[in-house]
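The file coords.cif comes next; it holds mmCIF, N, CA, C and O atoms.
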```cif
data_work
loop_
_atom_site.label_atom_id
_atom_site.label_comp_id
_atom_site.auth_asym_id
_atom_site.auth_seq_id
_atom_site.Cartn_x
_atom_site.Cartn_y
_atom_site.Cartn_z
N MET G 1 0.85 -1.18 0.00
CA MET G 1 0.00 0.00 0.00
C MET G 1 0.89 1.24 0.00
O MET G 1 1.68 1.46 0.90
N SER G 2 0.78 2.02 -1.05
CA SER G 2 1.59 3.23 -1.13
C SER G 2 0.86 4.36 -0.42
O SER G 2 -0.35 4.35 -0.27
N HIS G 3 1.62 5.31 0.00
CA HIS G 3 1.03 6.49 0.64
C HIS G 3 1.66 7.71 0.00
O HIS G 3 2.82 8.03 0.25
N LEU G 4 0.87 8.36 -0.84
CA LEU G 4 1.34 9.59 -1.46
C LEU G 4 1.13 10.73 -0.48
O LEU G 4 0.03 10.91 0.05
N SER G 5 2.16 11.47 -0.26
CA SER G 5 2.04 12.61 0.64
C SER G 5 1.63 13.85 -0.14
O SER G 5 1.69 13.87 -1.37
N ARG G 6 1.24 14.85 0.59
CA ARG G 6 0.89 16.09 -0.08
C ARG G 6 2.12 16.71 -0.72
O ARG G 6 2.04 17.43 -1.71
N GLU G 7 3.34 16.39 -0.17
CA GLU G 7 4.58 16.88 -0.78
C GLU G 7 4.79 16.21 -2.14
O GLU G 7 5.29 16.84 -3.07
N ASP G 8 4.44 14.90 -2.25
CA ASP G 8 4.53 14.21 -3.54
C ASP G 8 3.61 14.88 -4.56
O ASP G 8 4.00 15.12 -5.70
N VAL G 9 2.39 15.17 -4.14
CA VAL G 9 1.42 15.81 -5.03
C VAL G 9 1.90 17.21 -5.40
O VAL G 9 1.80 17.63 -6.56
N ALA G 10 2.43 17.94 -4.44
CA ALA G 10 2.94 19.29 -4.71
C ALA G 10 4.09 19.23 -5.70
O ALA G 10 4.20 20.09 -6.59
N HIS G 11 4.95 18.21 -5.58
CA HIS G 11 6.08 18.07 -6.50
C HIS G 11 5.58 17.79 -7.93
O HIS G 11 6.05 18.41 -8.88
N VAL G 12 4.63 16.87 -8.06
CA VAL G 12 4.09 16.56 -9.37
C VAL G 12 3.37 17.79 -9.95
O VAL G 12 3.49 18.10 -11.14
N ALA G 13 2.64 18.49 -9.12
CA ALA G 13 1.94 19.70 -9.57
C ALA G 13 2.94 20.75 -10.05
O ALA G 13 2.72 21.41 -11.07
N MET G 14 4.05 20.88 -9.34
CA MET G 14 5.09 21.84 -9.74
C MET G 14 5.67 21.43 -11.10
O MET G 14 5.88 22.27 -11.97
N LEU G 15 5.93 20.13 -11.29
CA LEU G 15 6.48 19.66 -12.56
C LEU G 15 5.50 19.91 -13.72
O LEU G 15 5.92 20.21 -14.83
N ALA G 16 4.21 19.78 -13.42
CA ALA G 16 3.17 20.00 -14.43
C ALA G 16 2.78 21.48 -14.52
O ALA G 16 1.91 21.83 -15.32
N ARG G 17 3.41 22.29 -13.71
CA ARG G 17 3.12 23.73 -13.66
C ARG G 17 1.65 24.00 -13.35
O ARG G 17 0.98 24.80 -14.00
N ILE G 18 1.15 23.26 -12.34
CA ILE G 18 -0.23 23.43 -11.87
C ILE G 18 -0.15 24.02 -10.47
O ILE G 18 0.52 23.47 -9.60
N GLN G 19 -0.83 25.11 -10.26
CA GLN G 19 -0.83 25.75 -8.95
C GLN G 19 -2.01 25.22 -8.14
O GLN G 19 -3.15 25.30 -8.57
N LEU G 20 -1.72 24.63 -6.98
CA LEU G 20 -2.76 24.05 -6.13
C LEU G 20 -2.76 24.71 -4.76
O LEU G 20 -1.71 25.04 -4.21
N GLU G 21 -3.96 24.86 -4.22
CA GLU G 21 -4.12 25.38 -2.85
C GLU G 21 -3.87 24.24 -1.87
O GLU G 21 -3.88 23.06 -2.23
N ASP G 22 -3.67 24.56 -0.59
CA ASP G 22 -3.40 23.55 0.44
C ASP G 22 -4.53 22.51 0.53
O ASP G 22 -4.27 21.32 0.64
N ALA G 23 -5.76 22.97 0.47
CA ALA G 23 -6.90 22.05 0.56
C ALA G 23 -6.92 21.10 -0.64
O ALA G 23 -7.23 19.91 -0.50
N GLU G 24 -6.55 21.61 -1.81
CA GLU G 24 -6.51 20.76 -3.00
C GLU G 24 -5.41 19.71 -2.88
O GLU G 24 -5.59 18.57 -3.30
N LEU G 25 -4.27 20.09 -2.31
CA LEU G 25 -3.17 19.14 -2.12
C LEU G 25 -3.61 17.97 -1.24
O LEU G 25 -3.32 16.81 -1.55
N ASP G 26 -4.29 18.28 -0.14
CA ASP G 26 -4.75 17.22 0.76
C ASP G 26 -5.76 16.32 0.07
O ASP G 26 -5.69 15.09 0.15
N ARG G 27 -6.72 16.92 -0.63
CA ARG G 27 -7.76 16.15 -1.31
C ARG G 27 -7.16 15.29 -2.42
O ARG G 27 -7.46 14.09 -2.53
N LEU G 28 -6.28 15.86 -3.23
CA LEU G 28 -5.68 15.12 -4.33
C LEU G 28 -4.73 14.04 -3.85
O LEU G 28 -4.62 12.98 -4.48
N ALA G 29 -4.04 14.27 -2.74
CA ALA G 29 -3.14 13.24 -2.22
C ALA G 29 -3.94 11.99 -1.86
O ALA G 29 -3.52 10.87 -2.20
N ALA G 30 -5.08 12.16 -1.23
CA ALA G 30 -5.91 11.02 -0.87
C ALA G 30 -6.47 10.33 -2.12
O ALA G 30 -6.46 9.10 -2.22
N GLN G 31 -6.93 11.11 -3.09
CA GLN G 31 -7.51 10.54 -4.30
C GLN G 31 -6.46 9.81 -5.13
O GLN G 31 -6.69 8.70 -5.61
N LEU G 32 -5.29 10.42 -5.29
CA LEU G 32 -4.24 9.78 -6.08
C LEU G 32 -3.71 8.54 -5.40
O LEU G 32 -3.36 7.55 -6.05
N ASP G 33 -3.64 8.56 -4.08
CA ASP G 33 -3.20 7.38 -3.33
C ASP G 33 -4.17 6.22 -3.57
O ASP G 33 -3.76 5.08 -3.77
N GLN G 34 -5.45 6.53 -3.61
CA GLN G 34 -6.46 5.51 -3.87
C GLN G 34 -6.33 4.96 -5.30
O GLN G 34 -6.42 3.75 -5.52
N ILE G 35 -6.06 5.82 -6.24
CA ILE G 35 -5.89 5.39 -7.63
C ILE G 35 -4.68 4.48 -7.76
O ILE G 35 -4.72 3.44 -8.43
N VAL G 36 -3.57 4.84 -7.12
CA VAL G 36 -2.36 4.01 -7.17
C VAL G 36 -2.64 2.64 -6.56
O VAL G 36 -2.19 1.61 -7.08
N ASP G 37 -3.40 2.60 -5.49
CA ASP G 37 -3.76 1.32 -4.88
C ASP G 37 -4.60 0.46 -5.84
O ASP G 37 -4.39 -0.74 -5.95
N TRP G 38 -5.55 1.08 -6.53
CA TRP G 38 -6.39 0.35 -7.48
C TRP G 38 -5.55 -0.21 -8.63
O TRP G 38 -5.76 -1.33 -9.07
N VAL G 39 -4.62 0.58 -9.13
CA VAL G 39 -3.74 0.10 -10.20
C VAL G 39 -2.92 -1.08 -9.70
O VAL G 39 -2.71 -2.06 -10.41
N GLY G 40 -2.48 -1.02 -8.46
CA GLY G 40 -1.75 -2.14 -7.87
C GLY G 40 -2.60 -3.39 -7.79
O GLY G 40 -2.09 -4.50 -8.01
N GLN G 41 -3.87 -3.24 -7.47
CA GLN G 41 -4.77 -4.39 -7.41
C GLN G 41 -4.93 -5.02 -8.79
O GLN G 41 -4.97 -6.25 -8.92
N VAL G 42 -5.01 -4.22 -9.81
CA VAL G 42 -5.12 -4.75 -11.16
C VAL G 42 -3.85 -5.51 -11.51
O VAL G 42 -3.90 -6.58 -12.11
N GLY G 43 -2.70 -5.00 -11.10
CA GLY G 43 -1.44 -5.69 -11.34
C GLY G 43 -1.37 -7.04 -10.64
O GLY G 43 -0.75 -7.97 -11.14
N GLU G 44 -1.99 -7.15 -9.48
CA GLU G 44 -1.99 -8.43 -8.75
C GLU G 44 -2.86 -9.46 -9.46
O GLU G 44 -2.56 -10.64 -9.43
N VAL G 45 -3.94 -9.03 -10.09
CA VAL G 45 -4.86 -9.94 -10.76
C VAL G 45 -4.28 -10.42 -12.08
O VAL G 45 -4.51 -11.55 -12.48
N ALA G 46 -3.54 -9.58 -12.77
CA ALA G 46 -2.99 -9.95 -14.08
C ALA G 46 -2.13 -11.18 -13.94
O ALA G 46 -1.34 -11.32 -13.02
N SER G 47 -2.32 -12.09 -14.88
CA SER G 47 -1.61 -13.36 -14.84
C SER G 47 -0.71 -13.49 -16.06
O SER G 47 -0.97 -12.89 -17.11
N ALA G 48 0.33 -14.30 -15.95
CA ALA G 48 1.26 -14.48 -17.06
C ALA G 48 0.60 -15.18 -18.24
O ALA G 48 1.02 -15.00 -19.38
N ASP G 49 -0.46 -15.95 -17.99
CA ASP G 49 -1.11 -16.66 -19.10
C ASP G 49 -2.21 -15.82 -19.78
O ASP G 49 -2.86 -16.28 -20.69
N VAL G 50 -2.40 -14.58 -19.32
CA VAL G 50 -3.38 -13.69 -19.94
C VAL G 50 -2.61 -12.69 -20.80
O VAL G 50 -1.83 -11.89 -20.28
N PRO G 51 -2.80 -12.73 -22.12
CA PRO G 51 -2.04 -11.81 -22.98
C PRO G 51 -2.51 -10.37 -22.79
O PRO G 51 -3.70 -10.12 -22.57
N PRO G 52 -1.60 -9.41 -22.86
CA PRO G 52 -2.00 -8.00 -22.76
C PRO G 52 -2.86 -7.62 -23.95
O PRO G 52 -2.67 -8.13 -25.06
N MET G 53 -3.82 -6.73 -23.72
CA MET G 53 -4.69 -6.30 -24.81
C MET G 53 -5.08 -4.84 -24.61
O MET G 53 -5.04 -4.33 -23.49
N SER G 54 -5.44 -4.21 -25.69
CA SER G 54 -5.85 -2.82 -25.60
C SER G 54 -7.36 -2.68 -25.42
O SER G 54 -7.83 -1.65 -24.96
N HIS G 55 -8.11 -3.73 -25.81
CA HIS G 55 -9.57 -3.70 -25.69
C HIS G 55 -10.06 -5.06 -25.21
O HIS G 55 -9.52 -6.08 -25.62
N PRO G 56 -11.09 -5.08 -24.38
CA PRO G 56 -11.59 -6.37 -23.89
C PRO G 56 -12.33 -7.17 -24.96
O PRO G 56 -12.41 -8.37 -24.88
N MET G 57 -12.84 -6.49 -25.97
CA MET G 57 -13.56 -7.18 -27.05
C MET G 57 -12.76 -7.00 -28.34
O MET G 57 -12.16 -5.95 -28.55
N PRO G 58 -12.77 -8.00 -29.21
CA PRO G 58 -12.06 -7.83 -30.47
C PRO G 58 -12.69 -6.73 -31.31
O PRO G 58 -13.91 -6.58 -31.34
N LEU G 59 -11.85 -5.96 -31.96
CA LEU G 59 -12.33 -4.86 -32.79
C LEU G 59 -12.32 -5.30 -34.25
O LEU G 59 -11.42 -5.99 -34.70
N ALA G 60 -13.33 -4.88 -34.98
CA ALA G 60 -13.39 -5.16 -36.41
C ALA G 60 -13.68 -3.85 -37.12
O ALA G 60 -14.56 -3.10 -36.71
N ASN G 61 -12.94 -3.59 -38.17
CA ASN G 61 -13.16 -2.39 -38.95
C ASN G 61 -14.31 -2.67 -39.92
O ASN G 61 -14.20 -3.52 -40.79
N VAL G 62 -15.42 -1.98 -39.73
CA VAL G 62 -16.60 -2.21 -40.55
C VAL G 62 -16.53 -1.24 -41.73
O VAL G 62 -16.72 -0.04 -41.58
N THR G 63 -16.23 -1.80 -42.88
CA THR G 63 -16.18 -0.98 -44.09
C THR G 63 -16.92 -1.71 -45.20
O THR G 63 -17.13 -2.91 -45.14
N ARG G 64 -17.28 -0.97 -46.18
CA ARG G 64 -17.93 -1.58 -47.33
C ARG G 64 -16.88 -1.71 -48.44
O ARG G 64 -15.89 -0.99 -48.45
N PRO G 65 -17.10 -2.60 -49.37
CA PRO G 65 -16.16 -2.72 -50.48
C PRO G 65 -16.11 -1.43 -51.29
O PRO G 65 -17.12 -0.73 -51.43
N ASP G 66 -14.96 -1.11 -51.81
CA ASP G 66 -14.79 0.08 -52.63
C ASP G 66 -15.32 -0.23 -54.02
O ASP G 66 -14.80 -1.09 -54.73
N GLU G 67 -16.40 0.45 -54.40
CA GLU G 67 -17.02 0.19 -55.69
C GLU G 67 -17.17 1.50 -56.46
O GLU G 67 -17.51 2.53 -55.88
N VAL G 68 -16.90 1.43 -57.73
CA VAL G 68 -17.10 2.59 -58.59
C VAL G 68 -18.59 2.70 -58.86
O VAL G 68 -19.25 1.72 -59.22
N ARG G 69 -19.15 3.89 -58.67
CA ARG G 69 -20.56 4.11 -58.96
C ARG G 69 -20.75 5.55 -59.40
O ARG G 69 -19.83 6.38 -59.28
N GLU G 70 -21.94 5.87 -59.85
CA GLU G 70 -22.20 7.22 -60.35
C GLU G 70 -22.07 8.24 -59.22
O GLU G 70 -22.41 7.97 -58.07
N SER G 71 -21.59 9.41 -59.61
CA SER G 71 -21.50 10.50 -58.64
C SER G 71 -21.92 11.79 -59.34
O SER G 71 -22.36 11.77 -60.49
N LEU G 72 -21.75 12.90 -58.66
CA LEU G 72 -22.15 14.18 -59.22
C LEU G 72 -21.25 14.55 -60.39
O LEU G 72 -20.05 14.24 -60.40
N THR G 73 -21.83 15.26 -61.33
CA THR G 73 -21.01 15.83 -62.39
C THR G 73 -20.31 17.05 -61.83
O THR G 73 -20.66 17.56 -60.75
N VAL G 74 -19.33 17.56 -62.55
CA VAL G 74 -18.62 18.76 -62.10
C VAL G 74 -19.60 19.91 -61.96
O VAL G 74 -19.57 20.66 -60.98
N GLN G 75 -20.50 20.04 -62.90
CA GLN G 75 -21.47 21.15 -62.85
C GLN G 75 -22.40 21.01 -61.64
O GLN G 75 -22.72 22.01 -60.99
N GLN G 76 -22.84 19.80 -61.33
CA GLN G 76 -23.72 19.59 -60.17
C GLN G 76 -22.96 19.90 -58.87
O GLN G 76 -23.52 20.51 -57.96
N ALA G 77 -21.71 19.48 -58.79
CA ALA G 77 -20.93 19.70 -57.58
C ALA G 77 -20.68 21.19 -57.35
O ALA G 77 -20.69 21.66 -56.21
N LEU G 78 -20.48 21.93 -58.42
CA LEU G 78 -20.16 23.36 -58.29
C LEU G 78 -21.39 24.26 -58.35
O LEU G 78 -21.28 25.47 -58.23
N ALA G 79 -22.57 23.68 -58.49
CA ALA G 79 -23.80 24.47 -58.67
C ALA G 79 -24.04 25.45 -57.53
O ALA G 79 -24.48 26.57 -57.76
N ASN G 80 -23.78 25.09 -56.30
CA ASN G 80 -24.04 25.97 -55.16
C ASN G 80 -22.78 26.58 -54.57
O ASN G 80 -22.81 27.19 -53.51
N ALA G 81 -21.66 26.42 -55.24
CA ALA G 81 -20.40 26.97 -54.75
C ALA G 81 -20.43 28.49 -54.86
O ALA G 81 -20.87 29.03 -55.87
N PRO G 82 -19.95 29.20 -53.84
CA PRO G 82 -19.92 30.67 -53.94
C PRO G 82 -19.07 31.14 -55.11
O PRO G 82 -19.42 32.09 -55.80
N GLN G 83 -17.94 30.44 -55.35
CA GLN G 83 -17.08 30.78 -56.48
C GLN G 83 -16.47 29.51 -57.04
O GLN G 83 -16.13 28.59 -56.30
N ALA G 84 -16.33 29.49 -58.34
CA ALA G 84 -15.69 28.36 -59.02
C ALA G 84 -14.76 28.91 -60.08
O ALA G 84 -15.00 29.98 -60.64
N GLN G 85 -13.70 28.16 -60.36
CA GLN G 85 -12.75 28.58 -61.37
C GLN G 85 -12.12 27.33 -61.98
O GLN G 85 -11.63 26.47 -61.24
N ASP G 86 -12.12 27.22 -63.28
CA ASP G 86 -11.53 26.08 -63.98
C ASP G 86 -12.06 24.75 -63.45
O ASP G 86 -11.30 23.82 -63.16
N ASP G 87 -13.36 24.64 -63.29
CA ASP G 87 -14.02 23.42 -62.80
C ASP G 87 -13.55 23.00 -61.41
O ASP G 87 -13.49 21.81 -61.08
N ARG G 88 -13.21 23.97 -60.58
CA ARG G 88 -12.80 23.70 -59.19
C ARG G 88 -13.44 24.74 -58.28
O ARG G 88 -13.83 25.81 -58.72
N PHE G 89 -13.51 24.40 -56.98
CA PHE G 89 -13.96 25.37 -55.99
C PHE G 89 -12.88 26.45 -55.86
O PHE G 89 -11.70 26.13 -55.76
N ALA G 90 -13.28 27.71 -55.88
CA ALA G 90 -12.35 28.82 -55.70
C ALA G 90 -12.43 29.26 -54.24
O ALA G 90 -13.52 29.53 -53.71
N VAL G 91 -11.28 29.31 -53.58
CA VAL G 91 -11.21 29.71 -52.17
C VAL G 91 -10.15 30.77 -52.01
O VAL G 91 -9.23 30.89 -52.84
N PRO G 92 -10.23 31.58 -50.95
CA PRO G 92 -9.21 32.61 -50.75
C PRO G 92 -7.84 31.98 -50.51
O PRO G 92 -7.72 30.94 -49.87
N ARG G 93 -6.82 32.65 -51.01
CA ARG G 93 -5.45 32.19 -50.83
C ARG G 93 -5.05 32.43 -49.35
O ARG G 93 -5.30 33.48 -48.80
N ILE G 94 -4.44 31.40 -48.73
CA ILE G 94 -3.99 31.56 -47.35
C ILE G 94 -2.48 31.45 -47.20
O ILE G 94 -1.91 31.80 -46.19
N LEU G 95 -1.80 30.97 -48.25
CA LEU G 95 -0.35 30.85 -48.21
C LEU G 95 0.26 31.67 -49.32
O LEU G 95 -0.30 31.80 -50.41
N ASP G 96 1.43 32.22 -49.05
CA ASP G 96 2.15 32.96 -50.09
C ASP G 96 2.84 31.98 -51.03
O ASP G 96 3.19 30.86 -50.65
N GLU G 97 3.02 32.41 -52.25
CA GLU G 97 3.76 31.58 -53.20
C GLU G 97 5.23 31.96 -53.09
O GLU G 97 5.65 33.03 -53.49
N GLU G 98 6.02 31.07 -52.53
CA GLU G 98 7.46 31.32 -52.41
C GLU G 98 8.23 30.15 -52.89
O GLU G 98 7.84 29.05 -52.91
#
```

What does the file become when written as structure tokens?
Amino acid sequence: MSHLSREDVAHVAMLARIQLEDAELDRLAAQLDQIVDWVGQVGEVASADVPPMSHPMPLANVTRPDEVRESLTVQQALANAPQAQDDRFAVPRILDEE
């Protein structure tokens, strides 16, 4: 069982450049100490025969096959564009040409 002191919390807060009041240091020391204990409990349960994983359920990427199909014509796509030029959307320049 670890015991984080308020000095430990103050040190971490200083490293993170977080300014904490005395009451916050006391409250956070107790909360962080509890979190460290919980992480320790998880470490005790983990077994060598259980492979590490990032998710408890297998993930599957749900995608559809890539198929060529009809789409908008250039004129249809540009019909509501505020500005168009050479069959493209015209937008304000944001970078200099160098």

I'd like the interatomic distance between atom C of Gln31 in chain G and atom N of His3 in chain G, to a tenth of an Å. 10.6 Å

Would you return as a VMD selection string the members of range 2-95 of chain G that DSSP assigns to helix (DSSP H, G or I) on this structure's backbone? chain G and resid 6 to 15 22 to 45 74 to 78

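Relative to CA of Met57 in chain G, CA of Glu44 in chain G is found at 21.7 Å.
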
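Taking atom C of Ala81 in chain G and atom N of Glu67 in chain G as the two end points, the separation is 28.3 Å.
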
Explicit residue set for the PyMOL selection byres (((chain G and resi 74 and name CA) around 12) and name CA), as a PyMOL selection string: chain G and resi 71-73+75-81+84-89

Test item: the PyMOL selection byres ((chain G and resi 5) around 8) resolved as a list in words: Ser2, His3, Leu4, Arg6, Glu7, Asp8, Val9, Ala10, His11, Val12, Leu25, Asp26, Leu28, Ala29, Ala30 and Asp33 of chain G

Can you fill out range 4-15 of chain G with all heavy atoms and hand it back as a compact mmCIF listing (two decimals), in the frame of the given file?
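Output file part_6.txt is given in full below:
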```txt
# COMPACT_ATOMS: atom_id res chain seq x y z
N LEU G 4 0.87 8.36 -0.84
CA LEU G 4 1.34 9.59 -1.46
C LEU G 4 1.13 10.73 -0.48
O LEU G 4 0.03 10.91 0.05
CB LEU G 4 0.58 9.87 -2.75
CG LEU G 4 0.85 8.94 -3.92
CD1 LEU G 4 -0.07 9.26 -5.08
CD2 LEU G 4 2.29 9.04 -4.36
N SER G 5 2.16 11.47 -0.26
CA SER G 5 2.04 12.61 0.64
C SER G 5 1.63 13.85 -0.14
O SER G 5 1.69 13.87 -1.37
CB SER G 5 3.38 12.86 1.34
OG SER G 5 4.34 13.30 0.39
N ARG G 6 1.24 14.85 0.59
CA ARG G 6 0.89 16.09 -0.08
C ARG G 6 2.12 16.71 -0.72
O ARG G 6 2.04 17.43 -1.71
CB ARG G 6 0.18 17.05 0.86
CG ARG G 6 0.99 17.55 2.03
CD ARG G 6 0.15 18.30 3.05
NE ARG G 6 -0.73 19.28 2.50
CZ ARG G 6 -0.44 20.58 2.43
NH1 ARG G 6 0.68 21.03 2.92
NH2 ARG G 6 -1.29 21.42 1.90
N GLU G 7 3.34 16.39 -0.17
CA GLU G 7 4.58 16.88 -0.78
C GLU G 7 4.79 16.21 -2.14
O GLU G 7 5.29 16.84 -3.07
CB GLU G 7 5.77 16.61 0.14
CG GLU G 7 5.83 17.50 1.37
CD GLU G 7 4.83 17.09 2.45
OE1 GLU G 7 4.44 15.90 2.51
OE2 GLU G 7 4.43 17.98 3.22
N ASP G 8 4.44 14.90 -2.25
CA ASP G 8 4.53 14.21 -3.54
C ASP G 8 3.61 14.88 -4.56
O ASP G 8 4.00 15.12 -5.70
CB ASP G 8 4.15 12.73 -3.40
CG ASP G 8 5.10 11.95 -2.54
OD1 ASP G 8 6.30 12.29 -2.50
OD2 ASP G 8 4.65 10.97 -1.89
N VAL G 9 2.39 15.17 -4.14
CA VAL G 9 1.42 15.81 -5.03
C VAL G 9 1.90 17.21 -5.40
O VAL G 9 1.80 17.63 -6.56
CB VAL G 9 0.02 15.85 -4.39
CG1 VAL G 9 -0.97 16.61 -5.27
CG2 VAL G 9 -0.48 14.44 -4.12
N ALA G 10 2.43 17.94 -4.44
CA ALA G 10 2.94 19.29 -4.71
C ALA G 10 4.09 19.23 -5.70
O ALA G 10 4.20 20.09 -6.59
CB ALA G 10 3.38 19.95 -3.41
N HIS G 11 4.95 18.21 -5.58
CA HIS G 11 6.08 18.07 -6.50
C HIS G 11 5.58 17.79 -7.93
O HIS G 11 6.05 18.41 -8.88
CB HIS G 11 7.01 16.95 -6.02
CG HIS G 11 8.18 16.73 -6.92
ND1 HIS G 11 9.22 17.63 -7.01
CD2 HIS G 11 8.46 15.73 -7.79
CE1 HIS G 11 10.09 17.19 -7.89
NE2 HIS G 11 9.65 16.03 -8.37
N VAL G 12 4.63 16.87 -8.06
CA VAL G 12 4.09 16.56 -9.37
C VAL G 12 3.37 17.79 -9.95
O VAL G 12 3.49 18.10 -11.14
CB VAL G 12 3.14 15.34 -9.31
CG1 VAL G 12 2.41 15.14 -10.62
CG2 VAL G 12 3.92 14.10 -8.93
N ALA G 13 2.64 18.49 -9.12
CA ALA G 13 1.94 19.70 -9.57
C ALA G 13 2.94 20.75 -10.05
O ALA G 13 2.72 21.41 -11.07
CB ALA G 13 1.08 20.27 -8.45
N MET G 14 4.05 20.88 -9.34
CA MET G 14 5.09 21.84 -9.74
C MET G 14 5.67 21.43 -11.10
O MET G 14 5.88 22.27 -11.97
CB MET G 14 6.18 21.90 -8.68
CG MET G 14 7.28 22.93 -8.94
SD MET G 14 8.71 22.33 -9.88
CE MET G 14 9.24 20.91 -8.97
N LEU G 15 5.93 20.13 -11.29
CA LEU G 15 6.48 19.66 -12.56
C LEU G 15 5.50 19.91 -13.72
O LEU G 15 5.92 20.21 -14.83
CB LEU G 15 6.81 18.16 -12.48
CG LEU G 15 7.95 17.77 -11.56
CD1 LEU G 15 8.07 16.25 -11.47
CD2 LEU G 15 9.27 18.38 -12.03
```
